Structures are given as C-alpha cells and as structure tokens.
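Structure file run.txt (compact mmCIF, N, CA and C atoms) follows.
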```txt
# COMPACT_ATOMS: atom_id res chain seq x y z
N MET A 272 -177.12 -57.20 -140.57
CA MET A 272 -176.22 -57.20 -141.70
C MET A 272 -174.95 -57.96 -141.35
N LYS A 273 -174.40 -57.71 -140.15
CA LYS A 273 -173.19 -58.40 -139.74
C LYS A 273 -173.41 -59.90 -139.70
N TYR A 274 -174.59 -60.30 -139.20
CA TYR A 274 -174.91 -61.73 -139.09
C TYR A 274 -174.93 -62.37 -140.47
N LEU A 275 -175.54 -61.70 -141.46
CA LEU A 275 -175.61 -62.21 -142.81
C LEU A 275 -174.23 -62.31 -143.42
N THR A 276 -173.41 -61.30 -143.22
CA THR A 276 -172.04 -61.32 -143.74
C THR A 276 -171.26 -62.47 -143.13
N ARG A 277 -171.40 -62.67 -141.85
CA ARG A 277 -170.70 -63.76 -141.17
C ARG A 277 -171.16 -65.11 -141.70
N GLU A 278 -172.47 -65.24 -141.92
CA GLU A 278 -173.02 -66.50 -142.45
C GLU A 278 -172.48 -66.78 -143.84
N LEU A 279 -172.44 -65.75 -144.67
CA LEU A 279 -171.92 -65.92 -146.02
C LEU A 279 -170.44 -66.30 -146.00
N LEU A 280 -169.70 -65.70 -145.10
CA LEU A 280 -168.28 -66.03 -144.97
C LEU A 280 -168.12 -67.49 -144.54
N ILE A 281 -168.91 -67.92 -143.59
CA ILE A 281 -168.84 -69.31 -143.13
C ILE A 281 -169.20 -70.27 -144.26
N LEU A 282 -170.27 -69.94 -144.97
CA LEU A 282 -170.66 -70.80 -146.09
C LEU A 282 -169.60 -70.82 -147.18
N ALA A 283 -168.96 -69.69 -147.43
CA ALA A 283 -167.90 -69.64 -148.43
C ALA A 283 -166.72 -70.51 -148.00
N ILE A 284 -166.38 -70.42 -146.73
CA ILE A 284 -165.28 -71.24 -146.21
C ILE A 284 -165.66 -72.71 -146.29
N MET A 285 -166.88 -73.02 -145.88
CA MET A 285 -167.35 -74.40 -145.93
C MET A 285 -167.36 -74.90 -147.37
N GLY A 286 -167.81 -74.06 -148.29
CA GLY A 286 -167.86 -74.44 -149.71
C GLY A 286 -166.48 -74.66 -150.27
N SER A 287 -165.50 -73.88 -149.82
CA SER A 287 -164.14 -74.04 -150.33
C SER A 287 -163.48 -75.30 -149.78
N LEU A 288 -164.02 -75.82 -148.68
CA LEU A 288 -163.44 -77.03 -148.09
C LEU A 288 -163.93 -78.29 -148.79
N PHE A 289 -165.05 -78.25 -149.46
CA PHE A 289 -165.64 -79.44 -150.07
C PHE A 289 -164.74 -80.13 -151.08
N PRO A 290 -164.12 -79.41 -152.00
CA PRO A 290 -163.37 -80.11 -153.05
C PRO A 290 -161.97 -80.58 -152.62
N LEU A 291 -161.60 -80.44 -151.37
CA LEU A 291 -160.26 -80.80 -150.94
C LEU A 291 -160.05 -82.30 -151.01
N ALA A 292 -158.80 -82.72 -151.04
CA ALA A 292 -158.43 -84.14 -151.12
C ALA A 292 -158.77 -84.85 -149.82
N ALA A 293 -158.63 -86.19 -149.80
CA ALA A 293 -159.02 -87.00 -148.65
C ALA A 293 -158.26 -86.62 -147.39
N ASP A 294 -156.95 -86.37 -147.48
CA ASP A 294 -156.17 -85.99 -146.28
C ASP A 294 -156.66 -84.67 -145.71
N THR A 295 -156.88 -83.74 -146.59
CA THR A 295 -157.35 -82.44 -146.16
C THR A 295 -158.80 -82.53 -145.70
N GLN A 296 -159.53 -83.46 -146.29
CA GLN A 296 -160.94 -83.63 -145.93
C GLN A 296 -161.06 -84.04 -144.47
N SER A 297 -160.16 -84.85 -143.97
CA SER A 297 -160.19 -85.28 -142.58
C SER A 297 -160.01 -84.08 -141.65
N SER A 298 -159.02 -83.24 -141.96
CA SER A 298 -158.81 -82.06 -141.12
C SER A 298 -159.97 -81.08 -141.29
N SER A 299 -160.54 -81.03 -142.50
CA SER A 299 -161.70 -80.18 -142.73
C SER A 299 -162.87 -80.63 -141.87
N ILE A 300 -163.07 -81.92 -141.78
CA ILE A 300 -164.15 -82.46 -140.96
C ILE A 300 -163.91 -82.09 -139.50
N ASP A 301 -162.69 -82.24 -139.04
CA ASP A 301 -162.36 -81.85 -137.67
C ASP A 301 -162.69 -80.38 -137.43
N MET A 302 -162.30 -79.54 -138.37
CA MET A 302 -162.56 -78.11 -138.24
C MET A 302 -164.06 -77.83 -138.24
N GLN A 303 -164.79 -78.53 -139.11
CA GLN A 303 -166.23 -78.33 -139.17
C GLN A 303 -166.90 -78.76 -137.86
N ILE A 304 -166.47 -79.89 -137.33
CA ILE A 304 -167.05 -80.38 -136.07
C ILE A 304 -166.78 -79.39 -134.94
N LYS A 305 -165.55 -78.90 -134.89
CA LYS A 305 -165.23 -77.90 -133.86
C LYS A 305 -166.05 -76.64 -134.04
N ALA A 306 -166.22 -76.22 -135.29
CA ALA A 306 -167.03 -75.02 -135.57
C ALA A 306 -168.48 -75.25 -135.14
N ILE A 307 -168.99 -76.45 -135.37
CA ILE A 307 -170.37 -76.77 -134.97
C ILE A 307 -170.51 -76.68 -133.46
N HIS A 308 -169.54 -77.24 -132.74
CA HIS A 308 -169.59 -77.22 -131.27
C HIS A 308 -169.52 -75.81 -130.72
N GLN A 309 -168.75 -74.95 -131.37
CA GLN A 309 -168.53 -73.60 -130.83
C GLN A 309 -169.57 -72.59 -131.31
N ALA A 310 -170.39 -72.98 -132.26
CA ALA A 310 -171.34 -72.05 -132.86
C ALA A 310 -172.54 -71.79 -131.95
N ALA A 311 -173.14 -70.65 -132.17
CA ALA A 311 -174.40 -70.32 -131.50
C ALA A 311 -175.48 -71.25 -132.05
N PRO A 312 -176.57 -71.48 -131.33
CA PRO A 312 -177.58 -72.45 -131.75
C PRO A 312 -178.08 -72.28 -133.19
N GLN A 313 -178.43 -71.07 -133.61
CA GLN A 313 -178.93 -70.87 -134.98
C GLN A 313 -177.84 -71.17 -136.00
N GLU A 314 -176.65 -70.74 -135.70
CA GLU A 314 -175.53 -70.97 -136.62
C GLU A 314 -175.19 -72.46 -136.65
N ARG A 315 -175.31 -73.11 -135.50
CA ARG A 315 -175.02 -74.54 -135.41
C ARG A 315 -175.91 -75.34 -136.35
N VAL A 316 -177.17 -74.97 -136.45
CA VAL A 316 -178.10 -75.66 -137.34
C VAL A 316 -177.62 -75.55 -138.79
N LYS A 317 -177.23 -74.35 -139.18
CA LYS A 317 -176.76 -74.14 -140.56
C LYS A 317 -175.48 -74.92 -140.83
N LEU A 318 -174.56 -74.88 -139.88
CA LEU A 318 -173.30 -75.61 -140.07
C LEU A 318 -173.54 -77.12 -140.12
N MET A 319 -174.45 -77.60 -139.29
CA MET A 319 -174.77 -79.02 -139.29
C MET A 319 -175.40 -79.43 -140.60
N ASN A 320 -176.28 -78.59 -141.14
CA ASN A 320 -176.88 -78.88 -142.44
C ASN A 320 -175.82 -78.93 -143.54
N ALA A 321 -174.88 -78.00 -143.50
CA ALA A 321 -173.79 -78.01 -144.48
C ALA A 321 -172.95 -79.28 -144.33
N PHE A 322 -172.72 -79.68 -143.10
CA PHE A 322 -171.95 -80.90 -142.83
C PHE A 322 -172.69 -82.12 -143.40
N LYS A 323 -174.00 -82.16 -143.23
CA LYS A 323 -174.81 -83.27 -143.75
C LYS A 323 -174.76 -83.31 -145.28
N GLU A 324 -174.79 -82.14 -145.91
CA GLU A 324 -174.68 -82.09 -147.36
C GLU A 324 -173.34 -82.65 -147.81
N GLN A 325 -172.30 -82.30 -147.07
CA GLN A 325 -170.98 -82.81 -147.41
C GLN A 325 -170.94 -84.33 -147.23
N LEU A 326 -171.56 -84.82 -146.17
CA LEU A 326 -171.60 -86.27 -145.95
C LEU A 326 -172.30 -86.98 -147.11
N ALA A 327 -173.35 -86.37 -147.60
CA ALA A 327 -174.10 -86.98 -148.71
C ALA A 327 -173.24 -87.10 -149.97
N SER A 328 -172.29 -86.19 -150.14
CA SER A 328 -171.46 -86.24 -151.34
C SER A 328 -170.27 -87.18 -151.20
N MET A 329 -170.05 -87.74 -150.02
CA MET A 329 -168.91 -88.64 -149.79
C MET A 329 -169.28 -90.07 -150.17
N ASN A 330 -168.23 -90.86 -150.40
CA ASN A 330 -168.49 -92.28 -150.59
C ASN A 330 -168.72 -92.91 -149.22
N ALA A 331 -169.16 -94.15 -149.19
CA ALA A 331 -169.56 -94.82 -147.94
C ALA A 331 -168.43 -94.86 -146.92
N GLU A 332 -167.22 -95.10 -147.36
CA GLU A 332 -166.08 -95.20 -146.44
C GLU A 332 -165.76 -93.85 -145.80
N GLU A 333 -165.74 -92.81 -146.61
CA GLU A 333 -165.47 -91.47 -146.09
C GLU A 333 -166.59 -91.03 -145.15
N ARG A 334 -167.83 -91.32 -145.54
CA ARG A 334 -168.98 -90.95 -144.72
C ARG A 334 -168.91 -91.63 -143.36
N SER A 335 -168.57 -92.92 -143.37
CA SER A 335 -168.46 -93.68 -142.13
C SER A 335 -167.39 -93.09 -141.22
N ALA A 336 -166.25 -92.74 -141.81
CA ALA A 336 -165.16 -92.15 -141.02
C ALA A 336 -165.57 -90.80 -140.45
N ALA A 337 -166.26 -89.98 -141.24
CA ALA A 337 -166.69 -88.66 -140.79
C ALA A 337 -167.72 -88.78 -139.66
N ILE A 338 -168.66 -89.69 -139.82
CA ILE A 338 -169.68 -89.88 -138.78
C ILE A 338 -169.03 -90.40 -137.51
N SER A 339 -168.08 -91.31 -137.65
CA SER A 339 -167.37 -91.84 -136.49
C SER A 339 -166.63 -90.73 -135.75
N GLU A 340 -165.97 -89.86 -136.53
CA GLU A 340 -165.24 -88.74 -135.93
C GLU A 340 -166.20 -87.80 -135.20
N MET A 341 -167.36 -87.55 -135.81
CA MET A 341 -168.37 -86.68 -135.19
C MET A 341 -168.82 -87.29 -133.86
N ARG A 342 -169.09 -88.59 -133.87
CA ARG A 342 -169.53 -89.25 -132.63
C ARG A 342 -168.45 -89.18 -131.56
N THR A 343 -167.22 -89.45 -131.94
CA THR A 343 -166.11 -89.41 -130.98
C THR A 343 -165.99 -88.04 -130.34
N GLN A 344 -166.01 -87.01 -131.19
CA GLN A 344 -165.88 -85.66 -130.65
C GLN A 344 -167.10 -85.26 -129.83
N MET A 345 -168.29 -85.69 -130.23
CA MET A 345 -169.50 -85.37 -129.47
C MET A 345 -169.43 -86.01 -128.09
N GLN A 346 -168.96 -87.27 -128.03
CA GLN A 346 -168.85 -87.94 -126.74
C GLN A 346 -167.82 -87.24 -125.86
N GLY A 347 -166.70 -86.84 -126.45
CA GLY A 347 -165.69 -86.09 -125.69
C GLY A 347 -166.24 -84.78 -125.20
N HIS A 348 -167.00 -84.12 -126.06
CA HIS A 348 -167.62 -82.83 -125.69
C HIS A 348 -168.63 -83.04 -124.58
N GLN A 349 -169.44 -84.09 -124.68
CA GLN A 349 -170.42 -84.38 -123.64
C GLN A 349 -169.72 -84.74 -122.33
N GLY A 350 -168.61 -85.46 -122.43
CA GLY A 350 -167.85 -85.81 -121.22
C GLY A 350 -167.33 -84.58 -120.51
N ARG A 351 -166.84 -83.62 -121.29
CA ARG A 351 -166.36 -82.36 -120.70
C ARG A 351 -167.51 -81.60 -120.08
N GLU A 352 -168.67 -81.59 -120.76
CA GLU A 352 -169.83 -80.90 -120.21
C GLU A 352 -170.29 -81.58 -118.93
N THR A 353 -170.30 -82.91 -118.93
CA THR A 353 -170.71 -83.65 -117.74
C THR A 353 -169.77 -83.32 -116.59
N GLN A 354 -168.48 -83.29 -116.86
CA GLN A 354 -167.50 -82.96 -115.82
C GLN A 354 -167.73 -81.53 -115.32
N GLN A 355 -167.98 -80.61 -116.24
CA GLN A 355 -168.22 -79.22 -115.85
C GLN A 355 -169.49 -79.11 -115.01
N HIS A 356 -170.53 -79.85 -115.42
CA HIS A 356 -171.77 -79.82 -114.65
C HIS A 356 -171.55 -80.40 -113.26
N GLN A 357 -170.77 -81.48 -113.18
CA GLN A 357 -170.48 -82.10 -111.89
C GLN A 357 -169.72 -81.11 -111.00
N GLU A 358 -168.73 -80.44 -111.57
CA GLU A 358 -167.96 -79.45 -110.81
C GLU A 358 -168.87 -78.31 -110.34
N MET A 359 -169.77 -77.88 -111.21
CA MET A 359 -170.70 -76.80 -110.82
C MET A 359 -171.62 -77.27 -109.70
N ARG A 360 -172.12 -78.52 -109.78
CA ARG A 360 -172.98 -79.05 -108.73
C ARG A 360 -172.21 -79.12 -107.41
N GLU A 361 -170.97 -79.62 -107.46
CA GLU A 361 -170.17 -79.73 -106.24
C GLU A 361 -169.92 -78.35 -105.65
N HIS A 362 -169.63 -77.38 -106.50
CA HIS A 362 -169.39 -76.02 -106.01
C HIS A 362 -170.67 -75.46 -105.36
N ALA A 363 -171.80 -75.69 -106.01
CA ALA A 363 -173.07 -75.21 -105.46
C ALA A 363 -173.37 -75.88 -104.13
N GLN A 364 -173.10 -77.18 -104.03
CA GLN A 364 -173.33 -77.89 -102.77
C GLN A 364 -172.42 -77.34 -101.67
N HIS A 365 -171.17 -77.09 -102.04
CA HIS A 365 -170.21 -76.54 -101.07
C HIS A 365 -170.69 -75.17 -100.59
N GLU A 366 -171.11 -74.32 -101.51
CA GLU A 366 -171.62 -72.99 -101.15
C GLU A 366 -172.85 -73.12 -100.26
N GLN A 367 -173.72 -74.07 -100.59
CA GLN A 367 -174.93 -74.26 -99.81
C GLN A 367 -174.59 -74.71 -98.39
N MET A 368 -173.61 -75.62 -98.27
CA MET A 368 -173.20 -76.08 -96.94
C MET A 368 -172.61 -74.92 -96.14
N GLN A 369 -171.79 -74.12 -96.78
CA GLN A 369 -171.20 -72.97 -96.08
C GLN A 369 -172.30 -72.00 -95.62
N GLN A 370 -173.27 -71.74 -96.48
CA GLN A 370 -174.37 -70.85 -96.12
C GLN A 370 -175.15 -71.43 -94.94
N SER A 371 -175.39 -72.73 -94.96
CA SER A 371 -176.11 -73.39 -93.87
C SER A 371 -175.34 -73.27 -92.57
N GLU A 372 -174.03 -73.47 -92.64
CA GLU A 372 -173.19 -73.34 -91.44
C GLU A 372 -173.22 -71.91 -90.91
N ARG A 373 -173.17 -70.92 -91.81
CA ARG A 373 -173.24 -69.51 -91.38
C ARG A 373 -174.57 -69.23 -90.69
N MET A 374 -175.63 -69.77 -91.25
CA MET A 374 -176.95 -69.55 -90.65
C MET A 374 -177.05 -70.22 -89.27
N GLN A 375 -176.48 -71.41 -89.13
CA GLN A 375 -176.48 -72.09 -87.84
C GLN A 375 -175.69 -71.28 -86.81
N ARG A 376 -174.53 -70.79 -87.20
CA ARG A 376 -173.73 -69.97 -86.28
C ARG A 376 -174.49 -68.71 -85.88
N MET A 377 -175.16 -68.10 -86.85
CA MET A 377 -175.94 -66.88 -86.57
C MET A 377 -177.07 -67.21 -85.59
N ASP A 378 -177.77 -68.32 -85.81
CA ASP A 378 -178.84 -68.73 -84.89
C ASP A 378 -178.29 -68.96 -83.49
N GLN A 379 -177.14 -69.64 -83.40
CA GLN A 379 -176.54 -69.91 -82.10
C GLN A 379 -176.16 -68.61 -81.40
N MET A 380 -175.60 -67.67 -82.18
CA MET A 380 -175.22 -66.39 -81.58
C MET A 380 -176.46 -65.65 -81.08
N GLN A 381 -177.53 -65.67 -81.85
CA GLN A 381 -178.76 -64.99 -81.44
C GLN A 381 -179.35 -65.65 -80.20
N GLU A 382 -179.32 -66.98 -80.16
CA GLU A 382 -179.84 -67.68 -78.99
C GLU A 382 -178.99 -67.36 -77.76
N ARG A 383 -177.68 -67.36 -77.93
CA ARG A 383 -176.79 -67.04 -76.82
C ARG A 383 -177.02 -65.61 -76.35
N HIS A 384 -177.15 -64.70 -77.30
CA HIS A 384 -177.39 -63.29 -76.97
C HIS A 384 -178.72 -63.14 -76.22
N ALA A 385 -179.75 -63.81 -76.70
CA ALA A 385 -181.06 -63.73 -76.04
C ALA A 385 -180.97 -64.32 -74.64
N GLY A 386 -180.25 -65.44 -74.49
CA GLY A 386 -180.09 -66.06 -73.18
C GLY A 386 -179.34 -65.15 -72.22
N GLU A 387 -178.26 -64.53 -72.72
CA GLU A 387 -177.49 -63.62 -71.88
C GLU A 387 -178.34 -62.42 -71.48
N GLN A 388 -179.11 -61.90 -72.39
CA GLN A 388 -179.97 -60.75 -72.09
C GLN A 388 -181.02 -61.14 -71.05
N MET A 389 -181.58 -62.32 -71.18
CA MET A 389 -182.58 -62.78 -70.21
C MET A 389 -181.92 -62.95 -68.84
N ASN A 390 -180.70 -63.49 -68.81
CA ASN A 390 -179.98 -63.65 -67.54
C ASN A 390 -179.73 -62.29 -66.89
N ARG A 391 -179.33 -61.29 -67.70
CA ARG A 391 -179.10 -59.96 -67.15
C ARG A 391 -180.38 -59.37 -66.57
N GLU A 392 -181.46 -59.54 -67.29
CA GLU A 392 -182.74 -59.01 -66.81
C GLU A 392 -183.17 -59.72 -65.53
N MET A 393 -182.98 -61.03 -65.49
CA MET A 393 -183.34 -61.79 -64.29
C MET A 393 -182.46 -61.36 -63.12
N GLN A 394 -181.16 -61.18 -63.37
CA GLN A 394 -180.23 -60.78 -62.32
C GLN A 394 -180.61 -59.38 -61.82
N GLY A 395 -180.97 -58.50 -62.71
CA GLY A 395 -181.39 -57.16 -62.32
C GLY A 395 -182.67 -57.21 -61.52
N HIS A 396 -183.57 -58.05 -61.87
CA HIS A 396 -184.82 -58.20 -61.15
C HIS A 396 -184.55 -58.73 -59.74
N VAL A 397 -183.66 -59.72 -59.66
CA VAL A 397 -183.31 -60.29 -58.35
C VAL A 397 -182.63 -59.24 -57.50
N ASN A 398 -181.70 -58.47 -58.08
CA ASN A 398 -180.99 -57.43 -57.33
C ASN A 398 -181.95 -56.35 -56.84
N ASN A 399 -182.90 -55.99 -57.62
CA ASN A 399 -183.87 -54.97 -57.23
C ASN A 399 -184.77 -55.45 -56.09
N ASN A 400 -185.02 -56.71 -56.03
CA ASN A 400 -185.93 -57.25 -55.02
C ASN A 400 -185.22 -57.66 -53.73
N GLN A 401 -183.91 -57.69 -53.73
CA GLN A 401 -183.20 -58.09 -52.50
C GLN A 401 -183.37 -57.00 -51.44
N GLY A 402 -183.62 -57.45 -50.24
CA GLY A 402 -183.74 -56.52 -49.12
C GLY A 402 -185.10 -55.86 -49.01
N HIS A 403 -185.96 -56.09 -49.92
CA HIS A 403 -187.30 -55.51 -49.85
C HIS A 403 -188.26 -56.58 -49.39
N THR A 404 -189.14 -56.14 -48.60
CA THR A 404 -190.19 -57.06 -48.18
C THR A 404 -191.43 -56.69 -48.94
N PRO A 405 -192.26 -57.64 -49.14
CA PRO A 405 -193.47 -57.29 -49.88
C PRO A 405 -194.27 -56.26 -49.10
N ARG A 406 -194.89 -55.39 -49.77
CA ARG A 406 -195.67 -54.33 -49.14
C ARG A 406 -196.92 -54.93 -48.52
N GLN A 407 -197.20 -54.40 -47.39
CA GLN A 407 -198.42 -54.82 -46.74
C GLN A 407 -199.45 -53.72 -46.91
N PRO A 408 -200.66 -54.10 -47.03
CA PRO A 408 -201.69 -53.05 -47.21
C PRO A 408 -201.73 -52.14 -46.00
N ARG A 409 -201.97 -50.90 -46.23
CA ARG A 409 -202.07 -49.92 -45.15
C ARG A 409 -203.35 -50.13 -44.40
N GLU A 410 -203.26 -49.88 -43.15
CA GLU A 410 -204.46 -49.97 -42.33
C GLU A 410 -205.16 -48.63 -42.34
N ARG A 411 -206.42 -48.63 -42.18
CA ARG A 411 -207.18 -47.38 -42.24
C ARG A 411 -207.63 -46.99 -40.91
```
What would the structure in this file look like if it were written as structure tokens?
Amino acid sequence: MKYLTRELLILAIMGSLFPLAADTQSSSIDMQIKAIHQAAPQERVKLMNAFKEQLASMNAEERSAAISEMRTQMQGHQGRETQQHQEMREHAQHEQMQQSERMQRMDQMQERHAGEQMNREMQGHVNNNQGHTPRQPRER
C-alpha cells in the first residue's frame, strides 16, 4: 500500500510539472533526472517512462535540450560511479596486500619458531649424549 501511495504521489508531482513554462521546465527536467538517478530500479523504470512521455509532448528544440541534459548528467553520474568503483578496487587491493603481508609475517614467525624448537631439541639431544659412550653388548 505504501509503495502504491508513493507511486501515485510521484506521478501526481510529475503530472503537475508538465504544464510549467519553459524556464521552469528546465529545472523540472533537472529534478526529474535526479529523481531517476536516485530511484530504486522499479521506480526508475516508471519515472523514465514518464520522462519519455514528457519528451514526446515537447517541441524539437525543447526535446533536444532535455535529452542533452539527460546525457550530460548520465555521463557525470557514470564518472562518479567509475571513480567510486576505482576507489573501491584500490581499497580492496590495499586490503589484499595487507592481508598477504600479514600471512607472510605469520609464515616467517612459524618457520622461525619451528627452527628454534628444532634447535632446542637438537641441543638437548647433544647434551644428553655428551659423556656417554655407546653401550657395548654384554658378554655372556
């Protein structure tokens, strides 16, 4: 129910914007384009269809200006998305490098620990064997 009410409100607002004068029409187009960009996918389809209907009712000059504005804003929006995606990729790469470095340090610590443990065991073995001669079999 809320979704339907919201849709009707949007359509009413969009419908009230249609008869506005040319100056107001430009700002209306800007508002519509922004609304399209910010809308959820299903709502975006409806808003885009309403925008297309409005374009159809315009003369060629107004239609050309509106389409040009849509393209300009879409390119700007795509540029921001591209920049955001690039920043996200760089952040992910940075996190991945840090994780790799942590894993390398952990491996080095484990290798060092294993080496130290082996040295202790070897040293203990050597200490236990010092001063002892190998056993000779008993004579019968």
One decimal place gives the atom C of Glu314 in chain A-CA of Glu332 in chain A separation as 26.4 Å
Atom pair CA of Ile304 in chain A / CA of Thr343 in chain A: separation (Å)
10.4 Å
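From CA of Arg383 in chain A back to CA of Gln367 in chain A, the distance works out to 24.2 Å.
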Need the axis-aligned box for range 332-341 of chain A with 5 Å each side, so what are the centre and edges in Å to one decimal, as AutoDock Vina command-line options?
```
--center_x -167.4 --center_y -90.9 --center_z -140.6 --size_x 14.5 --size_y 18.5 --size_z 23.5
```
Find the residues around Gln309 in chain A up to 12 Å (only C-alpha atoms counted), leave out those fewer than 5 positions away in its own chain, and share them as number ranges by chain.
A: 302-304, 314-316, 318-319, 345, 348
